[in-house]
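Below you'll find the structure, written out as structure tokens, and then a few comments.
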Amino acid sequence: MTSSGAPTVDPARVAVVWDESLLGYKLSEDHPLHPVRLDLTMRLATSLGVLDGIEPLVPSPAPDAEVERIHVASYLDAVRRAPSHGDDPRHQLGTTDNPIFEGMHEASALVCGGSIAAAREIAEGRADRAVNIAGGLHHAMSDHAWGFCVYNDCAVAISWLLDHGYERICYIDTDVHHGDGVQAAFYDDDRVLTISMHQHPRTLWPGTGFASELGSGRASGSAVNLALPPGTRDAGWLRAFHAVVPGLLRAFRPQILVTQCGVDTHHEDPLAELSLTVDGHRAIYRSLRSLAAEHSDGKWLALGGGGYGLFRAVPRSWTHLLATVLDRDVEPQRTIPADWTSYATGKTRRPLPTSMTEDAPTDFEPWGGFTEVEVDPFLLETRRAVFPLHGLDPADSRD
């Protein structure tokens, strides 16, 4: 058992996707989604011993046929042409969010290839869990880039799993922004339950992700959106999560969890206004691990996502993610190794963290059926919209 009491997994049964070539997804030198966050995460995890004995799974670029599970062929052609042809407003290439860069297609296909490789390790029985922190590009749409995302590796991997033995997949998105691209890809597919927790769309881009977005046709109820008010802290986020997600998983009975673990919910993140901590993120990952053990036979594919606190938030939070997936939980009070600090100091003038915690409490009061705290009207809106479609009682806290 881990220190959190969750069932353990043999590290040999966990796939960690990584290669330095994944740092090639670099939209520009000063873009918020800078690959230094990946570099610093892997260096921190290595320095702390989280990756001891782990042979990384080196990805290959996804071939066109795999990317075209989600994206139309004409869009792939546009991405390939963009570095030589310039701005392409029709496909949202060359915008402030999605600047064109050399090797855009190749770098984006490599991220997709990493998420497919992680999915394949699970589907073919070599792993129970897999993680690709370079993945999680959840905004990209079928025919255009969107929100820093060129190709939607999350949706590509889910589509691949549907064709390789999985009939019920639950996608859980903990990024501060709505998981709009994944929702759109499976909005009419009742085999995929998409659950997105995000800052309320009236207060943050992309302006979608209302509780009333439920899926279409026979898939009504397969899209779940839990939008939270700006300023929500760890305890409120976790209260809302546990009031909605476990009940839906019990009803849906997924065979695998695919999670997008964006950390732009952090209180220091420059692009959003939720107020979680590194400690809150660690609690989220442990909850996801426990839910996978309880509801999907331990099968869990974890992907990265947003997060723009490049030096203070992302490396610590995603090191906790890697540690959680590997059942090598890092004690919160663990000191940041000197070699990591020395390396990071050469890349920023910002104060660097000294330990793996922010000393933030992560206890929360479970929702008991009454409106008592600020998040309760929001979780109730989601429960009332979607729970009846799964045979659940939105007023009964046991569901």
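Naming scheme: A, B, ... for chains in displayed order of the structure tokens; residues 1 onward per chain; ligands 1 onward as shown.
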
Can I get the residues of range 11-116 of chain A within 9 Å of range 311-334 of chain A, each with the closest pair of atoms and their distance in Å to one decimal, using only C-alpha atoms, sorted chain first then ascending number, as CSV?
residue,atom,partner,partner_atom,distance
A:Pro11,CA,A:Leu326,CA,5.6
A:Arg13,CA,A:Leu326,CA,8.8
A:Val14,CA,A:Leu326,CA,6.5
A:Ala15,CA,A:Leu326,CA,8.9
A:Val16,CA,A:Leu322,CA,8.1
A:Val36,CA,A:Phe311,CA,8.4
A:Arg37,CA,A:Pro315,CA,6.3
A:Leu38,CA,A:Pro315,CA,7.3
A:Asp39,CA,A:Pro315,CA,8.5
A:Leu40,CA,A:Pro315,CA,5.7
A:Thr41,CA,A:Pro315,CA,4.0
A:Met42,CA,A:Thr319,CA,7.4
A:Arg43,CA,A:Pro315,CA,8.6
A:Leu44,CA,A:Pro315,CA,6.7
A:Ala45,CA,A:Thr319,CA,5.2
A:Thr46,CA,A:Thr319,CA,9.0
A:Leu48,CA,A:Val330,CA,8.2
A:Gly49,CA,A:Arg328,CA,9.0
A:Val50,CA,A:Ala323,CA,5.8
A:Leu51,CA,A:Ala323,CA,8.2

Inset, instruction - Could you give me, as a ChimeraX atom specification, the residues within 10 Å of Val244 in chain A, counting only C-alpha atoms and dropping anything in the same chain fewer than 2 positions from it? - result: /A:195,224-226,239-242,246-249,367,379-380,382-383,386-387,394,397,399

Write out, as a PDB file, in the first residue's frame, the residues just selected, with N, CA and C atoms.
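The result, written out as part.pdb:
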ATOM      1  N   ILE A 195     -15.973  14.258 -18.565  1.00  0.00           N
ATOM      2  CA  ILE A 195     -16.237  15.066 -17.374  1.00  0.00           C
ATOM      3  C   ILE A 195     -15.181  16.159 -17.313  1.00  0.00           C
ATOM      4  N   VAL A 224     -20.383  15.936 -19.259  1.00  0.00           N
ATOM      5  CA  VAL A 224     -20.617  16.447 -17.906  1.00  0.00           C
ATOM      6  C   VAL A 224     -19.703  17.647 -17.704  1.00  0.00           C
ATOM      7  N   ASN A 225     -20.285  18.748 -17.273  1.00  0.00           N
ATOM      8  CA  ASN A 225     -19.500  19.956 -17.051  1.00  0.00           C
ATOM      9  C   ASN A 225     -19.782  20.514 -15.664  1.00  0.00           C
ATOM     10  N   LEU A 226     -18.711  20.674 -14.903  1.00  0.00           N
ATOM     11  CA  LEU A 226     -18.800  21.233 -13.558  1.00  0.00           C
ATOM     12  C   LEU A 226     -17.950  22.499 -13.531  1.00  0.00           C
ATOM     13  N   ARG A 239     -14.403  19.162  -2.801  1.00  0.00           N
ATOM     14  CA  ARG A 239     -15.795  18.917  -2.401  1.00  0.00           C
ATOM     15  C   ARG A 239     -16.669  18.727  -3.633  1.00  0.00           C
ATOM     16  N   ALA A 240     -16.518  19.612  -4.619  1.00  0.00           N
ATOM     17  CA  ALA A 240     -17.319  19.530  -5.833  1.00  0.00           C
ATOM     18  C   ALA A 240     -16.991  18.259  -6.618  1.00  0.00           C
ATOM     19  N   PHE A 241     -15.718  17.961  -6.754  1.00  0.00           N
ATOM     20  CA  PHE A 241     -15.282  16.763  -7.480  1.00  0.00           C
ATOM     21  C   PHE A 241     -15.911  15.505  -6.884  1.00  0.00           C
ATOM     22  N   HIS A 242     -15.820  15.366  -5.584  1.00  0.00           N
ATOM     23  CA  HIS A 242     -16.304  14.140  -4.942  1.00  0.00           C
ATOM     24  C   HIS A 242     -17.831  14.102  -4.849  1.00  0.00           C
ATOM     25  N   PRO A 246     -17.481  10.463  -8.478  1.00  0.00           N
ATOM     26  CA  PRO A 246     -17.602   9.054  -8.104  1.00  0.00           C
ATOM     27  C   PRO A 246     -18.957   8.436  -8.427  1.00  0.00           C
ATOM     28  N   GLY A 247     -20.038   9.186  -8.200  1.00  0.00           N
ATOM     29  CA  GLY A 247     -21.361   8.646  -8.508  1.00  0.00           C
ATOM     30  C   GLY A 247     -21.539   8.345  -9.978  1.00  0.00           C
ATOM     31  N   LEU A 248     -21.040   9.229 -10.834  1.00  0.00           N
ATOM     32  CA  LEU A 248     -21.137   8.997 -12.276  1.00  0.00           C
ATOM     33  C   LEU A 248     -20.307   7.790 -12.696  1.00  0.00           C
ATOM     34  N   LEU A 249     -19.135   7.620 -12.095  1.00  0.00           N
ATOM     35  CA  LEU A 249     -18.314   6.457 -12.441  1.00  0.00           C
ATOM     36  C   LEU A 249     -18.997   5.158 -12.030  1.00  0.00           C
ATOM     37  N   TRP A 367     -19.889  16.967   0.502  1.00  0.00           N
ATOM     38  CA  TRP A 367     -21.229  17.520   0.314  1.00  0.00           C
ATOM     39  C   TRP A 367     -22.253  16.549   0.902  1.00  0.00           C
ATOM     40  N   LEU A 379     -22.101  22.699  -8.033  1.00  0.00           N
ATOM     41  CA  LEU A 379     -22.144  21.243  -8.116  1.00  0.00           C
ATOM     42  C   LEU A 379     -23.583  20.752  -8.216  1.00  0.00           C
ATOM     43  N   LEU A 380     -24.496  21.459  -7.555  1.00  0.00           N
ATOM     44  CA  LEU A 380     -25.907  21.074  -7.647  1.00  0.00           C
ATOM     45  C   LEU A 380     -26.450  21.286  -9.056  1.00  0.00           C
ATOM     46  N   THR A 382     -24.846  20.958 -11.807  1.00  0.00           N
ATOM     47  CA  THR A 382     -24.382  19.828 -12.615  1.00  0.00           C
ATOM     48  C   THR A 382     -25.127  18.552 -12.250  1.00  0.00           C
ATOM     49  N   ARG A 383     -25.279  18.274 -10.980  1.00  0.00           N
ATOM     50  CA  ARG A 383     -25.996  17.070 -10.563  1.00  0.00           C
ATOM     51  C   ARG A 383     -27.430  17.076 -11.100  1.00  0.00           C
ATOM     52  N   VAL A 386     -27.393  16.366 -15.030  1.00  0.00           N
ATOM     53  CA  VAL A 386     -26.914  15.117 -15.627  1.00  0.00           C
ATOM     54  C   VAL A 386     -27.259  13.864 -14.831  1.00  0.00           C
ATOM     55  N   PHE A 387     -27.410  13.957 -13.509  1.00  0.00           N
ATOM     56  CA  PHE A 387     -27.615  12.741 -12.726  1.00  0.00           C
ATOM     57  C   PHE A 387     -28.863  11.960 -13.140  1.00  0.00           C
ATOM     58  N   PRO A 394     -30.236  13.548  -8.020  1.00  0.00           N
ATOM     59  CA  PRO A 394     -29.371  14.703  -7.773  1.00  0.00           C
ATOM     60  C   PRO A 394     -29.440  15.251  -6.361  1.00  0.00           C
ATOM     61  N   SER A 397     -27.176  12.647  -1.556  1.00  0.00           N
ATOM     62  CA  SER A 397     -25.720  12.706  -1.505  1.00  0.00           C
ATOM     63  C   SER A 397     -25.065  11.326  -1.572  1.00  0.00           C
ATOM     64  N   ASP A 399     -25.708   9.243  -3.943  1.00  0.00           N
ATOM     65  CA  ASP A 399     -25.507   8.996  -5.365  1.00  0.00           C
ATOM     66  C   ASP A 399     -24.357   9.839  -5.906  1.00  0.00           C
TER      67      ASP A 399
END

Inset, instruction - Fewer than 5 positions away in the same chain doesn't count, so skip those; otherwise give me all residues within 10 Å of range 303-309 of chain A, counting only C-alpha atoms, as a PyMOL selection string. - result: chain A and resi 17+31-34+37-38+114-115+118+130-139+147-149+153-154+173-177+258-272+314-315+317-318+321

Inset, instruction - Would you return as a PyMOL selection string the members of range 127-354 of chain A that DSSP assigns to strand (DSSP E or B) on this structure's backbone? - result: chain A and resi 129-132+141+144+146+149+169-173+192-199+223-228+233+256-260+266+275-276+300-303+335

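Here CA of Ser60 in chain A is placed at a distance of 23.4 Å from CA of Ala185 in chain A.
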
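Nearest to Leu193 in chain A of all the residues A:Ser212, A:Ala227, A:Ile158, A:His144 is A:Ile158, based on only C-alpha atoms.
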
Inset, instruction - Would you list the contacts of Glu106 in chain A as a list in words, taking every protein, DNA or RNA residue within 12 Å and counting only C-alpha atoms, but skipping same-chain residues closer than 3 positions in sequence? - result: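 In the requested format, the answer is Ser21, Leu22, Leu23, Gly24, Tyr25, Lys26, Ser60, Pro61, Ala62, Pro63, Asp64, Val67, Leu76, Asp77, Val79, Arg80, Arg81, Pro83, Phe101, Glu102, Gly103, Ala109, Leu110, Val111, Cys112, Gly113, Val150 and Tyr151 of chain A.
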
Inset, instruction - Within 10 Å of Ala12 in chain A, counting only C-alpha atoms, which residues show up once you throw out same-chain ones fewer than 4 positions away? Write them as number ranges by chain, please. - result: A: 53-55, 126-129, 326

Produce a file of the selected residues containing N, CA and C atoms, as an mmCIF file, in the first residue's frame.
data_model
loop_
_atom_site.group_PDB
_atom_site.id
_atom_site.type_symbol
_atom_site.label_atom_id
_atom_site.label_comp_id
_atom_site.auth_asym_id
_atom_site.auth_seq_id
_atom_site.Cartn_x
_atom_site.Cartn_y
_atom_site.Cartn_z
ATOM 1 N N GLY A 53 15.055 3.453 -12.120
ATOM 2 C CA GLY A 53 14.766 2.147 -12.703
ATOM 3 C C GLY A 53 13.713 2.139 -13.785
ATOM 4 N N ILE A 54 13.172 3.299 -14.128
ATOM 5 C CA ILE A 54 12.125 3.378 -15.152
ATOM 6 C C ILE A 54 12.757 3.647 -16.513
ATOM 7 N N GLU A 55 12.503 2.784 -17.454
ATOM 8 C CA GLU A 55 12.970 2.989 -18.827
ATOM 9 C C GLU A 55 11.869 3.738 -19.578
ATOM 10 N N ARG A 126 0.579 -4.711 -21.253
ATOM 11 C CA ARG A 126 1.911 -4.560 -20.676
ATOM 12 C C ARG A 126 1.931 -3.595 -19.490
ATOM 13 N N ALA A 127 0.889 -2.786 -19.369
ATOM 14 C CA ALA A 127 0.833 -1.803 -18.284
ATOM 15 C C ALA A 127 -0.594 -1.673 -17.782
ATOM 16 N N ASP A 128 -0.727 -1.285 -16.527
ATOM 17 C CA ASP A 128 -2.025 -0.940 -15.961
ATOM 18 C C ASP A 128 -2.229 0.569 -15.962
ATOM 19 N N ARG A 129 -1.129 1.301 -15.877
ATOM 20 C CA ARG A 129 -1.179 2.755 -15.894
ATOM 21 C C ARG A 129 -0.119 3.268 -16.862
ATOM 22 N N LEU A 326 3.157 6.099 -10.368
ATOM 23 C CA LEU A 326 4.124 5.037 -10.102
ATOM 24 C C LEU A 326 4.007 4.465 -8.691
#

Legend entry - For CA of Arg168 in chain A and CA of Ala140 in chain A, the interatomic separation in Å (one decimal): 22.7 Å

Legend entry - Exercise: Arg191 in chain A partners within 12 Å, only C-alpha atoms, chain neighbours under 5 positions left out, as a list in words: Ile158, Ser159, Leu161, Leu162, Asp163, Gly165, Tyr166, Glu167, Arg168, Ile169, Cys170, Tyr171, Ala185, Phe186, Gly215, Arg218, Ala219, Ser220, Gly221, Ser222, Ala223, Phe252, Arg253, Pro254, Gln255 and Ile256 of chain A

Selected residues written out with N, CA, C and O atoms, as a CSV table (one decimal), in the first residue's frame:
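Below you can see again_39.csv, which holds the result:
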chain,number,residue,atom,x,y,z
A,158,ILE,N,-8.2,8.4,-27.2
A,158,ILE,CA,-9.5,7.8,-26.8
A,158,ILE,C,-10.0,7.0,-28.0
A,158,ILE,O,-10.5,5.9,-27.9
A,159,SER,N,-10.0,7.6,-29.2
A,159,SER,CA,-10.5,7.0,-30.4
A,159,SER,C,-9.7,5.7,-30.7
A,159,SER,O,-10.3,4.7,-31.0
A,161,LEU,N,-8.3,3.8,-28.4
A,161,LEU,CA,-8.7,2.8,-27.4
A,161,LEU,C,-10.1,2.2,-27.8
A,161,LEU,O,-10.3,1.0,-27.6
A,162,LEU,N,-11.0,3.0,-28.4
A,162,LEU,CA,-12.3,2.5,-28.8
A,162,LEU,C,-12.1,1.4,-29.9
A,162,LEU,O,-13.0,0.6,-30.0
A,163,ASP,N,-11.1,1.5,-30.7
A,163,ASP,CA,-10.9,0.5,-31.7
A,163,ASP,C,-10.0,-0.6,-31.3
A,163,ASP,O,-9.7,-1.5,-32.1
A,165,GLY,N,-10.5,-2.6,-28.2
A,165,GLY,CA,-11.0,-3.4,-27.1
A,165,GLY,C,-11.8,-2.6,-26.0
A,165,GLY,O,-12.4,-3.3,-25.1
A,166,TYR,N,-11.9,-1.3,-26.0
A,166,TYR,CA,-12.6,-0.6,-25.0
A,166,TYR,C,-13.9,-0.1,-25.5
A,166,TYR,O,-14.0,0.5,-26.6
A,167,GLU,N,-15.0,-0.3,-24.7
A,167,GLU,CA,-16.3,0.1,-25.1
A,167,GLU,C,-16.9,1.2,-24.2
A,167,GLU,O,-17.9,1.8,-24.5
A,168,ARG,N,-16.3,1.4,-23.0
A,168,ARG,CA,-16.7,2.5,-22.0
A,168,ARG,C,-15.5,3.2,-21.5
A,168,ARG,O,-14.7,2.6,-20.7
A,169,ILE,N,-15.3,4.4,-21.9
A,169,ILE,CA,-14.1,5.2,-21.5
A,169,ILE,C,-14.6,6.4,-20.8
A,169,ILE,O,-15.5,7.1,-21.3
A,170,CYS,N,-14.0,6.7,-19.7
A,170,CYS,CA,-14.3,7.9,-19.0
A,170,CYS,C,-13.1,8.9,-19.1
A,170,CYS,O,-12.0,8.5,-18.7
A,171,TYR,N,-13.4,10.1,-19.6
A,171,TYR,CA,-12.3,11.1,-19.7
A,171,TYR,C,-12.6,12.1,-18.6
A,171,TYR,O,-13.7,12.7,-18.6
A,185,ALA,N,-15.4,16.1,-29.8
A,185,ALA,CA,-15.1,14.9,-30.6
A,185,ALA,C,-16.0,13.7,-30.2
A,185,ALA,O,-16.3,12.9,-31.1
A,186,PHE,N,-16.6,13.7,-29.0
A,186,PHE,CA,-17.4,12.6,-28.6
A,186,PHE,C,-18.8,13.0,-28.1
A,186,PHE,O,-19.4,12.2,-27.3
A,215,GLY,N,-24.3,16.5,-24.2
A,215,GLY,CA,-24.2,15.4,-25.2
A,215,GLY,C,-25.5,15.4,-26.1
A,215,GLY,O,-26.5,16.0,-25.7
A,218,ARG,N,-28.6,9.8,-28.4
A,218,ARG,CA,-28.5,8.7,-27.5
A,218,ARG,C,-27.4,8.9,-26.5
A,218,ARG,O,-27.3,8.2,-25.5
A,219,ALA,N,-26.5,9.9,-26.8
A,219,ALA,CA,-25.4,10.2,-25.9
A,219,ALA,C,-25.7,11.3,-24.9
A,219,ALA,O,-24.8,11.8,-24.2
A,220,SER,N,-27.0,11.7,-24.8
A,220,SER,CA,-27.4,12.7,-23.8
A,220,SER,C,-27.0,12.2,-22.4
A,220,SER,O,-27.4,11.1,-22.0
A,221,GLY,N,-26.2,13.0,-21.7
A,221,GLY,CA,-25.7,12.6,-20.4
A,221,GLY,C,-24.3,12.2,-20.4
A,221,GLY,O,-23.7,12.0,-19.4
A,222,SER,N,-23.7,12.1,-21.6
A,222,SER,CA,-22.3,11.6,-21.8
A,222,SER,C,-21.3,12.8,-21.7
A,222,SER,O,-20.1,12.6,-21.5
A,223,ALA,N,-21.8,14.0,-21.7
A,223,ALA,CA,-21.0,15.2,-21.5
A,223,ALA,C,-21.4,15.8,-20.1
A,223,ALA,O,-22.5,16.1,-19.9
A,252,PHE,N,-21.6,4.6,-14.7
A,252,PHE,CA,-21.1,4.4,-16.1
A,252,PHE,C,-20.3,3.1,-16.2
A,252,PHE,O,-20.2,2.5,-17.3
A,253,ARG,N,-19.6,2.7,-15.2
A,253,ARG,CA,-18.7,1.6,-15.2
A,253,ARG,C,-17.7,1.6,-16.3
A,253,ARG,O,-17.6,0.7,-17.1
A,254,PRO,N,-16.8,2.5,-16.2
A,254,PRO,CA,-15.7,2.6,-17.3
A,254,PRO,C,-14.7,1.5,-17.2
A,254,PRO,O,-14.5,0.9,-16.1
A,255,GLN,N,-14.2,1.2,-18.3
A,255,GLN,CA,-13.1,0.2,-18.4
A,255,GLN,C,-11.7,0.8,-18.2
A,255,GLN,O,-10.8,0.1,-18.0
A,256,ILE,N,-11.7,2.1,-18.4
A,256,ILE,CA,-10.4,2.8,-18.3
A,256,ILE,C,-10.7,4.3,-18.0
A,256,ILE,O,-11.7,4.8,-18.5

Legend entry - Atomic distance CA of Ala155 in chain A - CA of Trp18 in chain A, expressed in Å with one decimal: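 About the pair CA of Ala155 in chain A and CA of Trp18 in chain A: they are 19.5 Å apart.
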
Inset, instruction - Could you find all residues in range 166-316 of chain A that DSSP calls alpha helix (DSSP H) from the backbone, and write them as a ChimeraX atom specification? - result: /A:180-185,234-252,278-295,314-316
